[in-house]
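First up is the structure itself, then whatever we jot down about it.
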Amino acid sequence: MSTSHIRRTSRTPVLAALIAFVVALAGFVGVTGAGPAQGAIPPAPGWTLQWSDDFNGAAGASPSAANWQIDTGHSYPGGPANWGTGEIQNYTATPGNLGLDGNGNLRITPLRDGAGNWTSARIETRRADFKAPAGGTLRMEGRIQMPNVTGNAALGYWPAFWALGSPYRGNYWNWPGTGEFDIMENVNGLNSVWGVLHCGVNPGGPCNETTGLGASRACPGSSCQSAFHTYRFEWDRSTTPNQLRWYVDDQLFHSVSQNQMDAASWSDMTDHAGYFILLNVAIGGAFPDALGGRTPTAETVPGHPMLVDYVAVWTSGGGSPPTDPPTDPPTDPPTDPPTGSATLYARTGGGLGDSTGSAATATIASAGGANHDGTVNNPQVFTSGAITRTYNGGATQFDLFVDAGTSVANGQQVRVSYDRTGDGTWDRTETYQYFATDPVAGYEHYTQAKGLKSATGSHGDLVNGKVRIEVWNAIGNGASTLGIGNQSVVRIPFG
């Protein structure tokens, strides 16, 4: 994707406060596209609800911290500039850009200051394991009103409801191989919804990058900008070949079949832990520019929000379909069937399990000003139950949500240990480079991308084995917080 750079000039505090007040006031008086929420998330007969948020809460409140994390700035730490697309806005967590409207909707509002600098908001689900079950179907859906602005006043607006493959977190350079499902995209206030799949390699490849495999159509009935519409994506593994489908108001407008690409590209996109969902309104960038010249322009009008009534994820069916029995007896002796999961979540009470549980926190004790780099000190410890799985030759992956609040110069560190037989001996121990958290409140991602500091022992198959993670502060004078439940995950290299 193309990138661009802009001069960053901070808006004056008075102007920022005035803009935030006006936008917040709009949520109460019903201007700039405010609309009624539908109420409860509608039932979906034949589907099982796995996760949802209907954005109920007081006007100006942030979206649920248990469900969402807020992206800020012009890029992920260490990731491509301008979010990899050339968009120009600075994402913030301020109420003027991001907040509930008090009527059951989330508002994401692009704003422009007197110096011409744009701000907006982008959020993503804490969960990153939304995946079609084997033999079943995944359904991701949102009821959304696009920013109610059209014509020249809309040039540069780029609202989106989409999903990224979980391996992108902490890497930020493996796009598009790990997959991207654009459930709803719109640019420049056009009465059209785009559904797009990104996959394979860039440029070119089976998904024709950087364009992707996409289709578009006008919203049924009322325009996309003037009313709420329901946007849905389905990943169907109950049929052969597997299918991906895009809908607006229950009307199918795009589909991609597994047999449209090579097996390796499909596998890279689907054979991982799952996807996380994003909502954002970008300004400018490759897609709006392609359809409207260099955007935004002097005629672009800020302050028009995208409204989101709900986002929900369902599944249907599941379980592996039966296969024909082999015609010849196996030549190798049978092995123990796998038990335990290769995806483990830190849980309340010190467990490390295959279910996420509810979001919670654990306090990581202060390093007390000493240097504990590489040496475990007052850790939070999480240990799995018995696991029997075969080593696949890969490496440990993890994504820990850590926050040092406003403490300066704190750094968290993790050690991952493997007891291959459950006899109490840790046969493989991996200590990773510590992660220096910033002095700004809000979770950050500590992943294996920081690099391995040291390792002892070797991997081998787990037979009633166990996995343990220890998290401590390697440096600093303040305590830190570890998000657990559905927030911190370890993926072990075992099939």
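Note on naming: chains are A, B, ... as they come in the structure tokens, residues start from 1 per chain, ligands start from 1 in the order shown.
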
Would you pick out the contacts of Gln89 (chain A) at 12 Å or less, using only C-alpha atoms, so that residues sharing its chain but fewer than 3 positions from it are not included, and give the list as a PDB file with N, CA and C atoms, in the first residue's frame?
ATOM      1  N   SER A   4       2.199   8.082   2.845  1.00  0.00           N
ATOM      2  CA  SER A   4       2.452   9.506   2.704  1.00  0.00           C
ATOM      3  C   SER A   4       2.770  10.080   4.066  1.00  0.00           C
ATOM      4  N   HIS A   5       3.242  11.297   4.103  1.00  0.00           N
ATOM      5  CA  HIS A   5       3.635  11.933   5.359  1.00  0.00           C
ATOM      6  C   HIS A   5       3.022  13.326   5.425  1.00  0.00           C
ATOM      7  N   ILE A   6       2.665  13.748   6.650  1.00  0.00           N
ATOM      8  CA  ILE A   6       2.116  15.088   6.834  1.00  0.00           C
ATOM      9  C   ILE A   6       2.850  15.761   7.977  1.00  0.00           C
ATOM     10  N   ARG A   7       2.805  17.068   7.964  1.00  0.00           N
ATOM     11  CA  ARG A   7       3.387  17.851   9.060  1.00  0.00           C
ATOM     12  C   ARG A   7       2.414  17.801  10.233  1.00  0.00           C
ATOM     13  N   ARG A   8       2.911  17.439  11.406  1.00  0.00           N
ATOM     14  CA  ARG A   8       2.052  17.325  12.580  1.00  0.00           C
ATOM     15  C   ARG A   8       2.135  18.602  13.388  1.00  0.00           C
ATOM     16  N   THR A   9       1.032  19.300  13.545  1.00  0.00           N
ATOM     17  CA  THR A   9       0.959  20.519  14.339  1.00  0.00           C
ATOM     18  C   THR A   9      -0.118  20.328  15.383  1.00  0.00           C
ATOM     19  N   THR A  72      -3.880   4.357  18.563  1.00  0.00           N
ATOM     20  CA  THR A  72      -3.605   5.789  18.536  1.00  0.00           C
ATOM     21  C   THR A  72      -2.385   6.078  17.661  1.00  0.00           C
ATOM     22  N   GLY A  73      -2.292   7.331  17.213  1.00  0.00           N
ATOM     23  CA  GLY A  73      -1.149   7.776  16.447  1.00  0.00           C
ATOM     24  C   GLY A  73      -1.294   7.539  14.954  1.00  0.00           C
ATOM     25  N   HIS A  74      -0.151   7.430  14.280  1.00  0.00           N
ATOM     26  CA  HIS A  74      -0.103   7.271  12.827  1.00  0.00           C
ATOM     27  C   HIS A  74       0.337   5.879  12.389  1.00  0.00           C
ATOM     28  N   SER A  75       0.592   4.976  13.367  1.00  0.00           N
ATOM     29  CA  SER A  75       1.006   3.624  12.995  1.00  0.00           C
ATOM     30  C   SER A  75       1.069   2.770  14.243  1.00  0.00           C
ATOM     31  N   ALA A  81       4.343   3.151   8.278  1.00  0.00           N
ATOM     32  CA  ALA A  81       3.892   4.523   8.522  1.00  0.00           C
ATOM     33  C   ALA A  81       2.494   4.724   7.970  1.00  0.00           C
ATOM     34  N   ASN A  82       1.758   5.638   8.604  1.00  0.00           N
ATOM     35  CA  ASN A  82       0.416   6.007   8.145  1.00  0.00           C
ATOM     36  C   ASN A  82      -0.465   4.777   7.965  1.00  0.00           C
ATOM     37  N   TRP A  83      -0.304   3.803   8.902  1.00  0.00           N
ATOM     38  CA  TRP A  83      -1.100   2.571   8.932  1.00  0.00           C
ATOM     39  C   TRP A  83      -0.984   1.777   7.639  1.00  0.00           C
ATOM     40  N   THR A  85      -1.393   2.684   4.593  1.00  0.00           N
ATOM     41  CA  THR A  85      -2.320   3.016   3.504  1.00  0.00           C
ATOM     42  C   THR A  85      -2.167   4.436   2.992  1.00  0.00           C
ATOM     43  N   GLY A  86      -1.316   5.238   3.617  1.00  0.00           N
ATOM     44  CA  GLY A  86      -1.175   6.633   3.226  1.00  0.00           C
ATOM     45  C   GLY A  86      -2.196   7.561   3.840  1.00  0.00           C
ATOM     46  N   THR A  92      -6.877   9.110  17.878  1.00  0.00           N
ATOM     47  CA  THR A  92      -6.838   9.471  19.295  1.00  0.00           C
ATOM     48  C   THR A  92      -7.930   8.711  20.046  1.00  0.00           C
ATOM     49  N   ASN A  97     -13.364  12.393  19.188  1.00  0.00           N
ATOM     50  CA  ASN A  97     -13.171  11.430  18.106  1.00  0.00           C
ATOM     51  C   ASN A  97     -13.861  10.097  18.358  1.00  0.00           C
ATOM     52  N   THR A 109     -15.708  10.005  14.982  1.00  0.00           N
ATOM     53  CA  THR A 109     -15.893  11.292  14.332  1.00  0.00           C
ATOM     54  C   THR A 109     -14.561  11.891  13.893  1.00  0.00           C
ATOM     55  N   PRO A 110     -14.334  12.079  12.595  1.00  0.00           N
ATOM     56  CA  PRO A 110     -13.132  12.774  12.144  1.00  0.00           C
ATOM     57  C   PRO A 110     -13.247  14.284  12.398  1.00  0.00           C
ATOM     58  N   LEU A 111     -12.167  14.867  12.879  1.00  0.00           N
ATOM     59  CA  LEU A 111     -12.138  16.308  13.156  1.00  0.00           C
ATOM     60  C   LEU A 111     -10.890  16.922  12.520  1.00  0.00           C
ATOM     61  N   ARG A 112     -10.963  18.228  12.254  1.00  0.00           N
ATOM     62  CA  ARG A 112      -9.828  18.956  11.684  1.00  0.00           C
ATOM     63  C   ARG A 112      -9.604  20.213  12.506  1.00  0.00           C
ATOM     64  N   ASP A 113      -8.336  20.474  12.872  1.00  0.00           N
ATOM     65  CA  ASP A 113      -8.071  21.667  13.664  1.00  0.00           C
ATOM     66  C   ASP A 113      -7.767  22.856  12.755  1.00  0.00           C
ATOM     67  N   GLY A 116      -5.259  22.561  10.005  1.00  0.00           N
ATOM     68  CA  GLY A 116      -5.512  21.598   8.943  1.00  0.00           C
ATOM     69  C   GLY A 116      -5.190  20.164   9.292  1.00  0.00           C
ATOM     70  N   ASN A 117      -4.842  19.884  10.549  1.00  0.00           N
ATOM     71  CA  ASN A 117      -4.518  18.519  10.967  1.00  0.00           C
ATOM     72  C   ASN A 117      -5.790  17.748  11.312  1.00  0.00           C
ATOM     73  N   TRP A 118      -5.888  16.527  10.794  1.00  0.00           N
ATOM     74  CA  TRP A 118      -7.065  15.693  11.024  1.00  0.00           C
ATOM     75  C   TRP A 118      -6.811  14.700  12.156  1.00  0.00           C
ATOM     76  N   THR A 119      -7.850  14.448  12.946  1.00  0.00           N
ATOM     77  CA  THR A 119      -7.838  13.380  13.948  1.00  0.00           C
ATOM     78  C   THR A 119      -9.074  12.520  13.732  1.00  0.00           C
ATOM     79  N   SER A 120      -9.010  11.288  14.184  1.00  0.00           N
ATOM     80  CA  SER A 120     -10.152  10.385  14.097  1.00  0.00           C
ATOM     81  C   SER A 120      -9.918   9.258  15.101  1.00  0.00           C
ATOM     82  N   ALA A 121     -10.585   8.113  14.920  1.00  0.00           N
ATOM     83  CA  ALA A 121     -10.439   7.024  15.883  1.00  0.00           C
ATOM     84  C   ALA A 121     -10.491   5.673  15.186  1.00  0.00           C
ATOM     85  N   ARG A 122      -9.846   4.711  15.846  1.00  0.00           N
ATOM     86  CA  ARG A 122      -9.786   3.332  15.356  1.00  0.00           C
ATOM     87  C   ARG A 122      -9.731   2.409  16.562  1.00  0.00           C
ATOM     88  N   GLY A 156     -12.244  12.166   0.904  1.00  0.00           N
ATOM     89  CA  GLY A 156     -11.254  11.722   1.879  1.00  0.00           C
ATOM     90  C   GLY A 156     -11.816  10.883   2.998  1.00  0.00           C
ATOM     91  N   TYR A 157     -13.148  10.879   3.218  1.00  0.00           N
ATOM     92  CA  TYR A 157     -13.738  10.032   4.257  1.00  0.00           C
ATOM     93  C   TYR A 157     -13.584   8.566   3.861  1.00  0.00           C
ATOM     94  N   TRP A 158     -13.157   7.728   4.833  1.00  0.00           N
ATOM     95  CA  TRP A 158     -12.920   6.309   4.551  1.00  0.00           C
ATOM     96  C   TRP A 158     -13.347   5.487   5.778  1.00  0.00           C
ATOM     97  N   ASN A 280     -13.106   1.855  12.134  1.00  0.00           N
ATOM     98  CA  ASN A 280     -12.366   3.116  12.074  1.00  0.00           C
ATOM     99  C   ASN A 280     -12.928   4.010  10.982  1.00  0.00           C
ATOM    100  N   VAL A 281     -12.592   5.282  11.060  1.00  0.00           N
ATOM    101  CA  VAL A 281     -12.827   6.220   9.968  1.00  0.00           C
ATOM    102  C   VAL A 281     -11.489   6.884   9.673  1.00  0.00           C
ATOM    103  N   ALA A 282     -10.902   6.526   8.547  1.00  0.00           N
ATOM    104  CA  ALA A 282      -9.651   7.144   8.106  1.00  0.00           C
ATOM    105  C   ALA A 282      -9.963   8.373   7.261  1.00  0.00           C
ATOM    106  N   ILE A 283      -8.963   9.186   7.079  1.00  0.00           N
ATOM    107  CA  ILE A 283      -9.075  10.359   6.201  1.00  0.00           C
ATOM    108  C   ILE A 283      -7.925  10.311   5.204  1.00  0.00           C
ATOM    109  N   GLY A 284      -8.283  10.372   3.921  1.00  0.00           N
ATOM    110  CA  GLY A 284      -7.280  10.303   2.867  1.00  0.00           C
ATOM    111  C   GLY A 284      -6.725   8.904   2.723  1.00  0.00           C
ATOM    112  N   GLY A 285      -5.697   8.778   1.894  1.00  0.00           N
ATOM    113  CA  GLY A 285      -5.083   7.483   1.698  1.00  0.00           C
ATOM    114  C   GLY A 285      -5.352   6.909   0.319  1.00  0.00           C
ATOM    115  N   THR A 295      -6.891  13.490  -1.639  1.00  0.00           N
ATOM    116  CA  THR A 295      -7.901  13.855  -0.651  1.00  0.00           C
ATOM    117  C   THR A 295      -7.278  13.822   0.742  1.00  0.00           C
ATOM    118  N   PRO A 296      -7.885  14.527   1.716  1.00  0.00           N
ATOM    119  CA  PRO A 296      -9.044  15.408   1.589  1.00  0.00           C
ATOM    120  C   PRO A 296      -8.666  16.720   0.906  1.00  0.00           C
ATOM    121  N   PRO A 302     -15.261  18.393   8.207  1.00  0.00           N
ATOM    122  CA  PRO A 302     -15.091  17.482   9.347  1.00  0.00           C
ATOM    123  C   PRO A 302     -16.371  17.371  10.171  1.00  0.00           C
TER     124      PRO A 302
END

Task: region 67-287 of chain A: residues DSSP assigns to strand (DSSP E), reported as number ranges by chain - done: A: 68-71, 90-91, 98-100, 106-108, 111-112, 118-120, 122-125, 136-145, 157-165, 180-185, 193-198, 213-217, 229-236, 243-248, 251-257, 275-283

Task: Exercise: Val381 (chain A) partners within 10 Å, only C-alpha atoms, chain neighbours under 6 positions left out, as a ChimeraX atom specification - done: /A:346,349-352,414-415,468-472

- [ ] Have a look at CA of Ala342 (chain A) and CA of Asp354 (chain A) and let me know their distance in Å, one decimal.
- [x]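 Distance between the two atoms: 7.8 Å.
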
Task: Atomic separation - CA of Trp314 (chain A) relative to CA of Pro45 (chain A), Å - done: 10.5 Å

Task: Exercise: Ala37 (chain A) partners within 10 Å, only C-alpha atoms, chain neighbours under 2 positions left out, as an MDAnalysis selection string - done: chainID A and resid 34:35 39:41 54:56 102:106 143:144 228 307:310

Serialized selection, N, CA and C atoms, as a short mmCIF file (atom, residue, chain, number, x, y, z; two decimals), in the first residue's frame:
data_model
loop_
_atom_site.label_atom_id
_atom_site.label_comp_id
_atom_site.auth_asym_id
_atom_site.auth_seq_id
_atom_site.Cartn_x
_atom_site.Cartn_y
_atom_site.Cartn_z
N ALA A 34 -26.97 11.47 13.52
CA ALA A 34 -27.32 10.64 14.66
C ALA A 34 -28.59 9.88 14.34
N GLY A 35 -28.65 8.63 14.78
CA GLY A 35 -29.82 7.82 14.46
C GLY A 35 -30.13 6.89 15.60
N GLY A 39 -31.78 -1.34 19.50
CA GLY A 39 -32.11 -1.99 20.75
C GLY A 39 -31.26 -3.22 20.91
N ALA A 40 -31.87 -4.30 21.40
CA ALA A 40 -31.11 -5.53 21.60
C ALA A 40 -30.61 -6.08 20.27
N ILE A 41 -29.49 -6.79 20.33
CA ILE A 41 -28.96 -7.42 19.12
C ILE A 41 -29.98 -8.43 18.62
N ASP A 54 -23.23 -3.98 22.01
CA ASP A 54 -24.28 -3.13 21.45
C ASP A 54 -24.12 -1.67 21.86
N PHE A 55 -22.99 -1.33 22.46
CA PHE A 55 -22.58 0.06 22.69
C PHE A 55 -23.58 0.86 23.51
N ASN A 56 -24.14 0.22 24.52
CA ASN A 56 -24.98 0.94 25.46
C ASN A 56 -24.09 1.62 26.50
N GLY A 102 -24.86 7.76 23.85
CA GLY A 102 -25.93 7.75 24.83
C GLY A 102 -27.23 7.19 24.32
N ASN A 103 -27.31 6.89 23.03
CA ASN A 103 -28.51 6.32 22.43
C ASN A 103 -28.28 4.90 21.91
N GLY A 104 -27.23 4.26 22.40
CA GLY A 104 -26.97 2.88 21.99
C GLY A 104 -26.06 2.75 20.80
N ASN A 105 -25.36 3.82 20.45
CA ASN A 105 -24.44 3.78 19.30
C ASN A 105 -23.03 4.17 19.73
N LEU A 106 -22.04 3.67 18.99
CA LEU A 106 -20.68 4.17 19.05
C LEU A 106 -20.52 5.23 17.97
N ARG A 143 -24.32 -3.36 12.48
CA ARG A 143 -25.35 -2.43 11.98
C ARG A 143 -24.77 -1.03 12.10
N ILE A 144 -24.60 -0.37 10.95
CA ILE A 144 -23.76 0.83 10.88
C ILE A 144 -24.41 1.87 9.98
N PHE A 228 -29.05 3.56 8.69
CA PHE A 228 -28.34 2.37 9.13
C PHE A 228 -28.58 1.23 8.14
N LEU A 307 -21.69 5.86 12.81
CA LEU A 307 -22.43 5.38 13.96
C LEU A 307 -22.53 3.86 13.88
N VAL A 308 -22.23 3.19 14.98
CA VAL A 308 -22.27 1.73 15.02
C VAL A 308 -23.25 1.31 16.11
N ASP A 309 -24.32 0.65 15.71
CA ASP A 309 -25.34 0.20 16.65
C ASP A 309 -24.88 -1.04 17.41
N TYR A 310 -24.38 -2.02 16.67
CA TYR A 310 -23.85 -3.21 17.33
C TYR A 310 -22.85 -3.90 16.41
#

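Near Gly411 (chain A), within a cut-off of 6 Å and counting only C-alpha atoms, sit the residues A:Tyr434, A:Phe435, A:Ala436, A:Thr437, A:Asn473, A:Ala474, A:Ile475, with same-chain residues fewer than 3 positions away left out.
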
Write out the residues from the selection above, keeping C-alpha atoms, as a PDB file, in the first residue's frame.
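The file below, again_15.pdb, is the result:
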ATOM      1  CA  TYR A 434      11.952  -7.217  28.110  1.00  0.00           C
ATOM      2  CA  PHE A 435       9.348  -4.809  26.741  1.00  0.00           C
ATOM      3  CA  ALA A 436       9.678  -1.134  27.750  1.00  0.00           C
ATOM      4  CA  THR A 437       6.168   0.234  28.307  1.00  0.00           C
ATOM      5  CA  ASN A 473       9.025  -6.220  35.859  1.00  0.00           C
ATOM      6  CA  ALA A 474      12.650  -6.339  34.755  1.00  0.00           C
ATOM      7  CA  ILE A 475      13.264  -2.626  35.370  1.00  0.00           C
TER       8      ILE A 475
END

Task: Closest of A:Asn392, A:Thr363, A:Thr210, A:Thr125 to Gly460 (chain A) - atom-to-atom distances counting only C-alpha atoms - done: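 So, comparing all the options, the nearest one is A:Asn392.
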